[in-house]
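**Student:** Sharing input.pdb (PDB, N, CA and C atoms) below.
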```pdb
ATOM      1  N   MET A   1      -8.454 -22.900  14.520
ATOM      2  CA  MET A   1      -7.542 -23.701  13.719
ATOM      3  C   MET A   1      -7.938 -25.168  13.822
ATOM      4  N   SER A   2      -7.773 -25.866  12.745
ATOM      5  CA  SER A   2      -8.052 -27.298  12.780
ATOM      6  C   SER A   2      -6.968 -28.012  13.586
ATOM      7  N   ARG A   3      -7.260 -29.214  13.977
ATOM      8  CA  ARG A   3      -6.307 -29.993  14.770
ATOM      9  C   ARG A   3      -5.016 -30.223  14.004
ATOM     10  N   ILE A   4      -5.127 -30.505  12.721
ATOM     11  CA  ILE A   4      -3.935 -30.739  11.890
ATOM     12  C   ILE A   4      -3.100 -29.465  11.796
ATOM     13  N   SER A   5      -3.768 -28.323  11.625
ATOM     14  CA  SER A   5      -3.044 -27.047  11.557
ATOM     15  C   SER A   5      -2.349 -26.739  12.872
ATOM     16  N   ARG A   6      -3.032 -27.012  13.989
ATOM     17  CA  ARG A   6      -2.419 -26.766  15.296
ATOM     18  C   ARG A   6      -1.197 -27.657  15.503
ATOM     19  N   GLU A   7      -1.293 -28.914  15.090
ATOM     20  CA  GLU A   7      -0.146 -29.828  15.222
ATOM     21  C   GLU A   7       1.009 -29.376  14.356
ATOM     22  N   HIS A   8       0.694 -28.938  13.140
ATOM     23  CA  HIS A   8       1.747 -28.451  12.238
ATOM     24  C   HIS A   8       2.395 -27.191  12.816
ATOM     25  N   ASP A   9       1.584 -26.282  13.354
ATOM     26  CA  ASP A   9       2.115 -25.071  13.980
ATOM     27  C   ASP A   9       2.995 -25.430  15.172
ATOM     28  N   LYS A  10       2.572 -26.404  15.956
ATOM     29  CA  LYS A  10       3.367 -26.844  17.112
ATOM     30  C   LYS A  10       4.715 -27.395  16.664
ATOM     31  N   ASP A  11       4.714 -28.163  15.574
ATOM     32  CA  ASP A  11       5.971 -28.713  15.045
ATOM     33  C   ASP A  11       6.910 -27.600  14.585
ATOM     34  N   ILE A  12       6.359 -26.624  13.871
ATOM     35  CA  ILE A  12       7.188 -25.505  13.407
ATOM     36  C   ILE A  12       7.719 -24.722  14.600
ATOM     37  N   LYS A  13       6.873 -24.500  15.599
ATOM     38  CA  LYS A  13       7.281 -23.766  16.798
ATOM     39  C   LYS A  13       8.430 -24.485  17.508
ATOM     40  N   GLN A  14       8.342 -25.799  17.643
ATOM     41  CA  GLN A  14       9.411 -26.561  18.293
ATOM     42  C   GLN A  14      10.696 -26.520  17.473
ATOM     43  N   LEU A  15      10.563 -26.589  16.166
ATOM     44  CA  LEU A  15      11.739 -26.509  15.301
ATOM     45  C   LEU A  15      12.423 -25.153  15.454
ATOM     46  N   LEU A  16      11.642 -24.079  15.446
ATOM     47  CA  LEU A  16      12.211 -22.742  15.598
ATOM     48  C   LEU A  16      12.860 -22.566  16.963
ATOM     49  N   TYR A  17      12.239 -23.128  18.000
ATOM     50  CA  TYR A  17      12.805 -23.029  19.344
ATOM     51  C   TYR A  17      14.167 -23.724  19.407
ATOM     52  N   ARG A  18      14.248 -24.917  18.837
ATOM     53  CA  ARG A  18      15.526 -25.639  18.845
ATOM     54  C   ARG A  18      16.559 -24.942  17.975
ATOM     55  N   PHE A  19      16.115 -24.414  16.864
ATOM     56  CA  PHE A  19      17.022 -23.708  15.969
ATOM     57  C   PHE A  19      17.556 -22.443  16.630
ATOM     58  N   SER A  20      16.723 -21.793  17.444
ATOM     59  CA  SER A  20      17.151 -20.565  18.109
ATOM     60  C   SER A  20      18.224 -20.824  19.160
ATOM     61  N   ALA A  21      18.375 -22.068  19.587
ATOM     62  CA  ALA A  21      19.412 -22.403  20.566
ATOM     63  C   ALA A  21      20.817 -22.159  20.007
ATOM     64  N   ILE A  22      20.940 -22.049  18.717
ATOM     65  CA  ILE A  22      22.236 -21.789  18.086
ATOM     66  C   ILE A  22      22.697 -20.359  18.378
ATOM     67  N   LEU A  23      21.749 -19.487  18.664
ATOM     68  CA  LEU A  23      22.067 -18.072  18.854
ATOM     69  C   LEU A  23      23.011 -17.834  20.037
ATOM     70  N   ARG A  24      22.810 -18.513  21.143
ATOM     71  CA  ARG A  24      23.658 -18.293  22.329
ATOM     72  C   ARG A  24      25.126 -18.634  22.054
ATOM     73  N   PRO A  25      25.455 -19.788  21.474
ATOM     74  CA  PRO A  25      26.875 -20.044  21.181
ATOM     75  C   PRO A  25      27.491 -19.024  20.215
ATOM     76  N   ILE A  26      26.691 -18.565  19.265
ATOM     77  CA  ILE A  26      27.212 -17.541  18.345
ATOM     78  C   ILE A  26      27.498 -16.254  19.117
ATOM     79  N   ASP A  27      26.583 -15.852  19.986
ATOM     80  CA  ASP A  27      26.801 -14.639  20.782
ATOM     81  C   ASP A  27      27.994 -14.796  21.723
ATOM     82  N   ASN A  28      28.162 -15.976  22.316
ATOM     83  CA  ASN A  28      29.338 -16.225  23.166
ATOM     84  C   ASN A  28      30.623 -16.141  22.351
ATOM     85  N   SER A  29      30.581 -16.652  21.138
ATOM     86  CA  SER A  29      31.756 -16.559  20.264
ATOM     87  C   SER A  29      32.076 -15.109  19.947
ATOM     88  N   LEU A  30      31.047 -14.317  19.702
ATOM     89  CA  LEU A  30      31.273 -12.889  19.427
ATOM     90  C   LEU A  30      31.913 -12.194  20.619
ATOM     91  N   ARG A  31      31.477 -12.542  21.818
ATOM     92  CA  ARG A  31      32.103 -11.937  23.010
ATOM     93  C   ARG A  31      33.586 -12.272  23.071
ATOM     94  N   LEU A  32      33.924 -13.522  22.780
ATOM     95  CA  LEU A  32      35.336 -13.921  22.784
ATOM     96  C   LEU A  32      36.110 -13.241  21.661
ATOM     97  N   ILE A  33      35.478 -13.116  20.529
ATOM     98  CA  ILE A  33      36.132 -12.452  19.396
ATOM     99  C   ILE A  33      36.444 -11.001  19.755
ATOM    100  N   TYR A  34      35.456 -10.308  20.329
ATOM    101  CA  TYR A  34      35.683  -8.905  20.697
ATOM    102  C   TYR A  34      36.680  -8.763  21.834
ATOM    103  N   ALA A  35      36.733  -9.748  22.719
ATOM    104  CA  ALA A  35      37.706  -9.700  23.821
ATOM    105  C   ALA A  35      39.128  -9.914  23.311
ATOM    106  N   SER A  36      39.254 -10.579  22.167
ATOM    107  CA  SER A  36      40.586 -10.857  21.627
ATOM    108  C   SER A  36      40.940  -9.946  20.452
ATOM    109  N   GLN A  37      40.307  -8.798  20.372
ATOM    110  CA  GLN A  37      40.601  -7.870  19.281
ATOM    111  C   GLN A  37      42.071  -7.467  19.337
ATOM    112  N   PRO A  38      42.751  -7.551  18.205
ATOM    113  CA  PRO A  38      44.185  -7.230  18.195
ATOM    114  C   PRO A  38      44.447  -5.749  18.454
ATOM    115  N   ASN A  39      45.595  -5.491  19.026
ATOM    116  CA  ASN A  39      46.023  -4.111  19.289
ATOM    117  C   ASN A  39      46.364  -3.404  17.984
ATOM    118  N   ASP A  40      46.581  -2.108  18.086
ATOM    119  CA  ASP A  40      46.940  -1.321  16.908
ATOM    120  C   ASP A  40      48.293  -1.712  16.344
ATOM    121  N   ASP A  41      49.174  -2.230  17.202
ATOM    122  CA  ASP A  41      50.513  -2.595  16.730
ATOM    123  C   ASP A  41      50.574  -4.031  16.200
ATOM    124  N   ALA A  42      49.448  -4.728  16.096
ATOM    125  CA  ALA A  42      49.422  -6.096  15.565
ATOM    126  C   ALA A  42      49.683  -6.068  14.058
ATOM    127  N   SER A  43      50.113  -7.207  13.547
ATOM    128  CA  SER A  43      50.410  -7.277  12.113
ATOM    129  C   SER A  43      49.126  -7.147  11.290
ATOM    130  N   LYS A  44      49.327  -6.797  10.045
ATOM    131  CA  LYS A  44      48.200  -6.627   9.135
ATOM    132  C   LYS A  44      47.453  -7.943   8.947
ATOM    133  N   GLU A  45      48.186  -9.054   8.895
ATOM    134  CA  GLU A  45      47.580 -10.372   8.723
ATOM    135  C   GLU A  45      46.707 -10.738   9.926
ATOM    136  N   THR A  46      47.183 -10.400  11.127
ATOM    137  CA  THR A  46      46.416 -10.682  12.344
ATOM    138  C   THR A  46      45.124  -9.881  12.358
ATOM    139  N   LYS A  47      45.223  -8.608  12.023
ATOM    140  CA  LYS A  47      44.028  -7.763  11.982
ATOM    141  C   LYS A  47      43.049  -8.256  10.920
ATOM    142  N   SER A  48      43.575  -8.666   9.783
ATOM    143  CA  SER A  48      42.729  -9.162   8.704
ATOM    144  C   SER A  48      42.029 -10.461   9.107
ATOM    145  N   ALA A  49      42.755 -11.358   9.748
ATOM    146  CA  ALA A  49      42.161 -12.628  10.194
ATOM    147  C   ALA A  49      41.086 -12.374  11.248
ATOM    148  N   TRP A  50      41.355 -11.445  12.172
ATOM    149  CA  TRP A  50      40.372 -11.128  13.210
ATOM    150  C   TRP A  50      39.100 -10.536  12.581
ATOM    151  N   PHE A  51      39.299  -9.628  11.639
ATOM    152  CA  PHE A  51      38.162  -9.003  10.964
ATOM    153  C   PHE A  51      37.346 -10.043  10.204
ATOM    154  N   GLN A  52      38.024 -10.970   9.547
ATOM    155  CA  GLN A  52      37.332 -12.030   8.796
ATOM    156  C   GLN A  52      36.517 -12.911   9.741
ATOM    157  N   LEU A  53      37.097 -13.250  10.880
ATOM    158  CA  LEU A  53      36.396 -14.062  11.873
ATOM    159  C   LEU A  53      35.175 -13.322  12.416
ATOM    160  N   GLU A  54      35.343 -12.033  12.696
ATOM    161  CA  GLU A  54      34.223 -11.228  13.186
ATOM    162  C   GLU A  54      33.101 -11.177  12.154
ATOM    163  N   GLN A  55      33.432 -10.888  10.912
ATOM    164  CA  GLN A  55      32.422 -10.769   9.867
ATOM    165  C   GLN A  55      31.707 -12.101   9.605
ATOM    166  N   THR A  56      32.447 -13.191   9.625
ATOM    167  CA  THR A  56      31.839 -14.509   9.415
ATOM    168  C   THR A  56      30.844 -14.823  10.521
ATOM    169  N   THR A  57      31.212 -14.517  11.758
ATOM    170  CA  THR A  57      30.329 -14.777  12.891
ATOM    171  C   THR A  57      29.100 -13.868  12.834
ATOM    172  N   LEU A  58      29.292 -12.606  12.515
ATOM    173  CA  LEU A  58      28.156 -11.685  12.393
ATOM    174  C   LEU A  58      27.219 -12.090  11.257
ATOM    175  N   ASN A  59      27.796 -12.527  10.138
ATOM    176  CA  ASN A  59      26.969 -12.981   9.015
ATOM    177  C   ASN A  59      26.193 -14.242   9.373
ATOM    178  N   SER A  60      26.824 -15.154  10.107
ATOM    179  CA  SER A  60      26.139 -16.366  10.551
ATOM    180  C   SER A  60      24.968 -16.019  11.460
ATOM    181  N   ARG A  61      25.186 -15.066  12.339
ATOM    182  CA  ARG A  61      24.134 -14.629  13.257
ATOM    183  C   ARG A  61      22.979 -14.001  12.477
ATOM    184  N   ALA A  62      23.299 -13.177  11.493
ATOM    185  CA  ALA A  62      22.263 -12.532  10.685
ATOM    186  C   ALA A  62      21.461 -13.561   9.891
ATOM    187  N   LEU A  63      22.138 -14.570   9.342
ATOM    188  CA  LEU A  63      21.432 -15.626   8.601
ATOM    189  C   LEU A  63      20.511 -16.423   9.521
ATOM    190  N   LEU A  64      20.963 -16.692  10.734
ATOM    191  CA  LEU A  64      20.136 -17.402  11.704
ATOM    192  C   LEU A  64      18.890 -16.592  12.040
ATOM    193  N   LEU A  65      19.063 -15.312  12.331
ATOM    194  CA  LEU A  65      17.927 -14.467  12.671
ATOM    195  C   LEU A  65      16.956 -14.332  11.505
ATOM    196  N   ASP A  66      17.469 -14.273  10.289
ATOM    197  CA  ASP A  66      16.613 -14.203   9.114
ATOM    198  C   ASP A  66      15.814 -15.496   8.961
ATOM    199  N   SER A  67      16.445 -16.636   9.218
ATOM    200  CA  SER A  67      15.750 -17.924   9.130
ATOM    201  C   SER A  67      14.647 -18.032  10.174
ATOM    202  N   LEU A  68      14.930 -17.567  11.379
ATOM    203  CA  LEU A  68      13.909 -17.585  12.431
ATOM    204  C   LEU A  68      12.743 -16.667  12.074
ATOM    205  N   SER A  69      13.041 -15.526  11.508
ATOM    206  CA  SER A  69      11.994 -14.602  11.081
ATOM    207  C   SER A  69      11.130 -15.234   9.989
ATOM    208  N   PHE A  70      11.770 -15.917   9.057
ATOM    209  CA  PHE A  70      11.045 -16.597   7.983
ATOM    210  C   PHE A  70      10.119 -17.664   8.563
ATOM    211  N   GLY A  71      10.605 -18.414   9.553
ATOM    212  CA  GLY A  71       9.769 -19.434  10.195
ATOM    213  C   GLY A  71       8.567 -18.815  10.889
ATOM    214  N   ASN A  72       8.769 -17.683  11.537
ATOM    215  CA  ASN A  72       7.642 -16.991  12.172
ATOM    216  C   ASN A  72       6.644 -16.490  11.137
ATOM    217  N   ASP A  73       7.126 -16.056   9.987
ATOM    218  CA  ASP A  73       6.224 -15.629   8.912
ATOM    219  C   ASP A  73       5.375 -16.799   8.423
ATOM    220  N   ILE A  74       5.976 -17.972   8.323
ATOM    221  CA  ILE A  74       5.233 -19.167   7.908
ATOM    222  C   ILE A  74       4.128 -19.474   8.912
ATOM    223  N   ARG A  75       4.466 -19.399  10.199
ATOM    224  CA  ARG A  75       3.456 -19.654  11.238
ATOM    225  C   ARG A  75       2.322 -18.633  11.169
ATOM    226  N   ARG A  76       2.664 -17.371  10.951
ATOM    227  CA  ARG A  76       1.651 -16.313  10.878
ATOM    228  C   ARG A  76       0.721 -16.545   9.689
ATOM    229  N   GLU A  77       1.290 -16.887   8.528
ATOM    230  CA  GLU A  77       0.472 -17.141   7.345
ATOM    231  C   GLU A  77      -0.442 -18.339   7.549
ATOM    232  N   GLN A  78       0.074 -19.369   8.178
ATOM    233  CA  GLN A  78      -0.731 -20.558   8.443
ATOM    234  C   GLN A  78      -1.918 -20.207   9.345
ATOM    235  N   ALA A  79      -1.683 -19.402  10.362
ATOM    236  CA  ALA A  79      -2.759 -18.995  11.267
ATOM    237  C   ALA A  79      -3.798 -18.152  10.520
ATOM    238  N   LEU A  80      -3.336 -17.229   9.681
ATOM    239  CA  LEU A  80      -4.266 -16.393   8.929
ATOM    240  C   LEU A  80      -5.082 -17.216   7.939
ATOM    241  N   LYS A  81      -4.462 -18.215   7.316
ATOM    242  CA  LYS A  81      -5.185 -19.076   6.383
ATOM    243  C   LYS A  81      -6.254 -19.891   7.100
ATOM    244  N   SER A  82      -5.973 -20.313   8.317
ATOM    245  CA  SER A  82      -6.961 -21.115   9.035
ATOM    246  C   SER A  82      -8.115 -20.252   9.546
ATOM    247  N   ILE A  83      -7.864 -18.969   9.772
ATOM    248  CA  ILE A  83      -8.918 -18.069  10.237
ATOM    249  C   ILE A  83      -9.774 -17.598   9.061
ATOM    250  N   SER A  84      -9.132 -17.213   7.982
ATOM    251  CA  SER A  84      -9.844 -16.690   6.812
ATOM    252  C   SER A  84      -9.502 -17.546   5.605
ATOM    253  N   LEU A  85     -10.509 -18.206   5.064
ATOM    254  CA  LEU A  85     -10.272 -19.074   3.910
ATOM    255  C   LEU A  85      -9.907 -18.284   2.662
ATOM    256  N   ARG A  86     -10.228 -16.998   2.633
ATOM    257  CA  ARG A  86      -9.929 -16.163   1.472
ATOM    258  C   ARG A  86      -8.569 -15.481   1.568
ATOM    259  N   TYR A  87      -7.839 -15.743   2.633
ATOM    260  CA  TYR A  87      -6.538 -15.082   2.811
ATOM    261  C   TYR A  87      -5.579 -15.520   1.721
ATOM    262  N   LYS A  88      -4.902 -14.538   1.148
ATOM    263  CA  LYS A  88      -3.850 -14.805   0.166
ATOM    264  C   LYS A  88      -2.612 -14.062   0.599
ATOM    265  N   LYS A  89      -1.490 -14.695   0.449
ATOM    266  CA  LYS A  89      -0.215 -14.089   0.825
ATOM    267  C   LYS A  89       0.047 -12.868  -0.047
ATOM    268  N   PRO A  90       0.434 -11.749   0.573
ATOM    269  CA  PRO A  90       0.767 -10.572  -0.240
ATOM    270  C   PRO A  90       2.026 -10.835  -1.055
ATOM    271  N   PRO A  91       2.157 -10.173  -2.195
ATOM    272  CA  PRO A  91       3.345 -10.406  -3.031
ATOM    273  C   PRO A  91       4.624 -10.001  -2.297
ATOM    274  N   ASP A  92       5.704 -10.756  -2.560
ATOM    275  CA  ASP A  92       6.991 -10.481  -1.928
ATOM    276  C   ASP A  92       7.644  -9.218  -2.458
ATOM    277  N   ARG A  93       7.324  -8.856  -3.670
ATOM    278  CA  ARG A  93       7.976  -7.691  -4.268
ATOM    279  C   ARG A  93       7.192  -6.429  -3.940
ATOM    280  N   GLU A  94       7.900  -5.353  -3.862
ATOM    281  CA  GLU A  94       7.286  -4.065  -3.579
ATOM    282  C   GLU A  94       7.242  -3.264  -4.869
ATOM    283  N   GLU A  95       6.063  -2.850  -5.246
ATOM    284  CA  GLU A  95       5.892  -2.082  -6.473
ATOM    285  C   GLU A  95       6.493  -0.688  -6.306
ATOM    286  N   VAL A  96       7.042  -0.163  -7.380
ATOM    287  CA  VAL A  96       7.692   1.136  -7.335
ATOM    288  C   VAL A  96       6.675   2.247  -7.077
ATOM    289  N   PHE A  97       5.576   2.228  -7.817
ATOM    290  CA  PHE A  97       4.593   3.298  -7.704
ATOM    291  C   PHE A  97       3.355   2.879  -6.914
ATOM    292  N   ARG A  98       3.224   1.596  -6.616
ATOM    293  CA  ARG A  98       2.054   1.057  -5.911
ATOM    294  C   ARG A  98       0.768   1.515  -6.578
ATOM    295  N   ASP A  99      -0.154   2.072  -5.796
ATOM    296  CA  ASP A  99      -1.455   2.475  -6.321
ATOM    297  C   ASP A  99      -1.398   3.797  -7.076
ATOM    298  N   ASP A 100      -0.302   4.494  -6.973
ATOM    299  CA  ASP A 100      -0.183   5.813  -7.607
ATOM    300  C   ASP A 100       0.049   5.725  -9.117
ATOM    301  N   LEU A 101       0.338   4.549  -9.638
ATOM    302  CA  LEU A 101       0.647   4.423 -11.057
ATOM    303  C   LEU A 101      -0.528   4.858 -11.919
ATOM    304  N   SER A 102      -1.734   4.449 -11.567
ATOM    305  CA  SER A 102      -2.893   4.824 -12.381
ATOM    306  C   SER A 102      -3.111   6.342 -12.326
ATOM    307  N   LYS A 103      -2.835   6.965 -11.204
ATOM    308  CA  LYS A 103      -2.981   8.419 -11.091
ATOM    309  C   LYS A 103      -1.936   9.135 -11.935
ATOM    310  N   ILE A 104      -0.728   8.574 -11.973
ATOM    311  CA  ILE A 104       0.354   9.189 -12.743
ATOM    312  C   ILE A 104       0.071   9.102 -14.236
ATOM    313  N   ILE A 105      -0.451   7.958 -14.669
ATOM    314  CA  ILE A 105      -0.751   7.764 -16.093
ATOM    315  C   ILE A 105      -1.900   8.661 -16.488
TER     316      ILE A 105
END
```
Represent the structure from my file as structure tokens, please.
**Tutor:**
Amino acid sequence: MSRISREHDKDIKQLLYRFSAILRPIDNSLRLIYASQPNDDASKETKSAWFQLEQTTLNSRALLLDSLSFGNDIRREQALKSISLRYKKPPDREEVFRDDLSKII
């Protein structure tokens, strides 16, 4: 890798590391949420509010993990581009028939 590519990779790595620090507070919040799960005799509004809080926290966690995964994909592509000048990113979409379409036709 060139020096510029290594520096850019280092910057992305540090950003992802700092961004991943958000995961622990979210997980701690989930532990508290599950510890405060309402009983069966709780009101419908209480159960609904608890469920909404749980889902919001789980969705936030999933979005964070997806963002971290995306950052790792960027780092991987950058490394592959620096190793092979002919590297091209594969398409994001998945073809229905892939290579079998010509055989089917």
**Student:** Enter the distance from CA of Tyr34 (chain A) to CA of Leu16 (chain A), in Å, rounded to one decimal.
**Tutor:**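 CA of Tyr34 (chain A) sits 27.7 Å away from CA of Leu16 (chain A).
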**Student:** Please evaluate the PyMOL selection byres (((chain A and resi 22-33 and name CA) around 12) and name CA) against the displayed coordinates and give the resulting residues as a VMD selection string.
**Tutor:** chain A and resid 15 to 21 34 to 38 47 49 to 68
**Student:** State, in Å with one decimal place, the distance from CA of Gly71 (chain A) to CA of Lys13 (chain A).
**Tutor:**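 Distance reported for this atom pair: 8.3 Å.
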**Student:** In Å to one decimal, how far is atom C of Arg86 (chain A) from atom C of Ile12 (chain A)?
**Tutor:**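 Interatomic distance here is 22.8 Å.
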**Student:** Please return as a count of residues only: the residues of chain A that backbone DSSP assigns to helix (DSSP H, G or I).
**Tutor:** 76
**Student:** Using only C-alpha atoms, which of the listed residues (A:Ser5, A:Gln14, A:Ser48, A:Ser43) sits closest to Glu77 (chain A)?
**Tutor:**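 Looking at the shortest contact to Glu77 (chain A), the residue is A:Ser5.
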